[in-house]
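J.: Following this message is one structure expressed as structure tokens.
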Amino acid sequence: MEARAPRGDGGKQDGDEGRAPRVGAAVRRRRRSLDLTLAEVAERSGLSSPFLSQIENDRARPSMRSLQRIADALDTTAVRLLAASDETRTVDVVRAGDDSGLRDGARVRPVVRGRHQVHALEFTGEHDADREFLHRNDELLYVADGAVEVEAEGRVHRLGRGDTLLMSGGVRHRWRTVGTGARVLVVAVADHVEVLEP
């Protein structure tokens with residue numbers, strides 16, 4: 001049986017220690033840049049101060065759900081925290097069963113780890129359009145299974161299996177699954193990458 005890190009929210013288990021992303025340094029830098037204490041981030045996120053301290057010191061790794069709560073508390077996104085992590089790899093295999101987090105019935109799995117030029121997340125299950133996204137760089141949404149609706153630039157685009165939607169940087173958007181059985185891959189150019197105009 002593999003050891004798991006504590007969640008910090010009542011002792012329940014969080015992400016798999018060997019598979020979840022290391023984001024401690026990125027979380028600590030972001031928290032300090034906002035001049036926040038661990039206690040303040042704990043209050044904002046609903047996670048415990050000891051658990052946040054363990055994350056910052058890479059003694060625990062958050063699930064995607066916990067990482068999103070931390071990102072919200074730090075006025076950023078999970079994708080940006082992952083981008084700012086210290087992990088770099090030239091070759092990295094992410095297995096289908098690697099760590100994932102559950103968020104409102106959806107399974108979210110990073111398919112690219114560390115600080116790279118792209119970020120990629122796989123969403124499986126339901127996803128509601130309750131959050132608007134705005135990225136500095138381009139983003140591609142690919143529907144592997146099921147159907148989704150994406151609202152971008154005032155238009156709603158319905159996408160089915162095998163469809164893709166490219167949004168350039170600066171496009172405000174939100175998306176949701178339609179029906180059941182959806183599996184969506186979201187790939188974005190990392191925020192730390194400076195895209196030069198042609």
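By order in the structure tokens, chains are A, B, ...; within a chain, residues start at 1; ligands start at 1, following the order shown.
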Excluding region 147-152 of chain A and its own-chain neighbours fewer than 4 positions away, which residues fall within 12 Å of it when counting only C-alpha atoms? Please give them as a PyMOL selection string.

T.: chain A and resi 123-134+139-143+156-185

J.: Take CA of Thr77 (chain A) and CA of Asp35 (chain A) and report the distance between them in Å, one decimal.

T.: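 These atoms are spaced 17.8 Å apart.
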
J.: Quick one: residues within 10 Å of Thr37 (chain A), only C-alpha atoms counted, chain neighbours fewer than 6 positions away excluded, as a list in words?

T.: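 Using only C-alpha atoms, the neighbours found are Arg28, Arg31, Glu43 and Ser49 of chain A.
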
J.: I need the chosen residues saved as a short mmCIF file (atom, residue, chain, number, x, y, z; two decimals), in the first residue's frame, with C-alpha atoms.

T.:
```cif
data_model
loop_
_atom_site.label_atom_id
_atom_site.label_comp_id
_atom_site.auth_asym_id
_atom_site.auth_seq_id
_atom_site.Cartn_x
_atom_site.Cartn_y
_atom_site.Cartn_z
CA ARG A 28 5.55 29.99 -0.85
CA ARG A 31 2.12 33.80 -0.65
CA GLU A 43 -8.40 30.93 6.54
CA SER A 49 -1.81 25.90 8.48
#
```

J.: Which of these residues is nearest to Asn137 (chain A), using only C-alpha atoms: A:Val94, A:Ala120, A:Val189, A:Ala60?

T.: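 Among the listed residues, A:Val189 lies closest to Asn137 (chain A).
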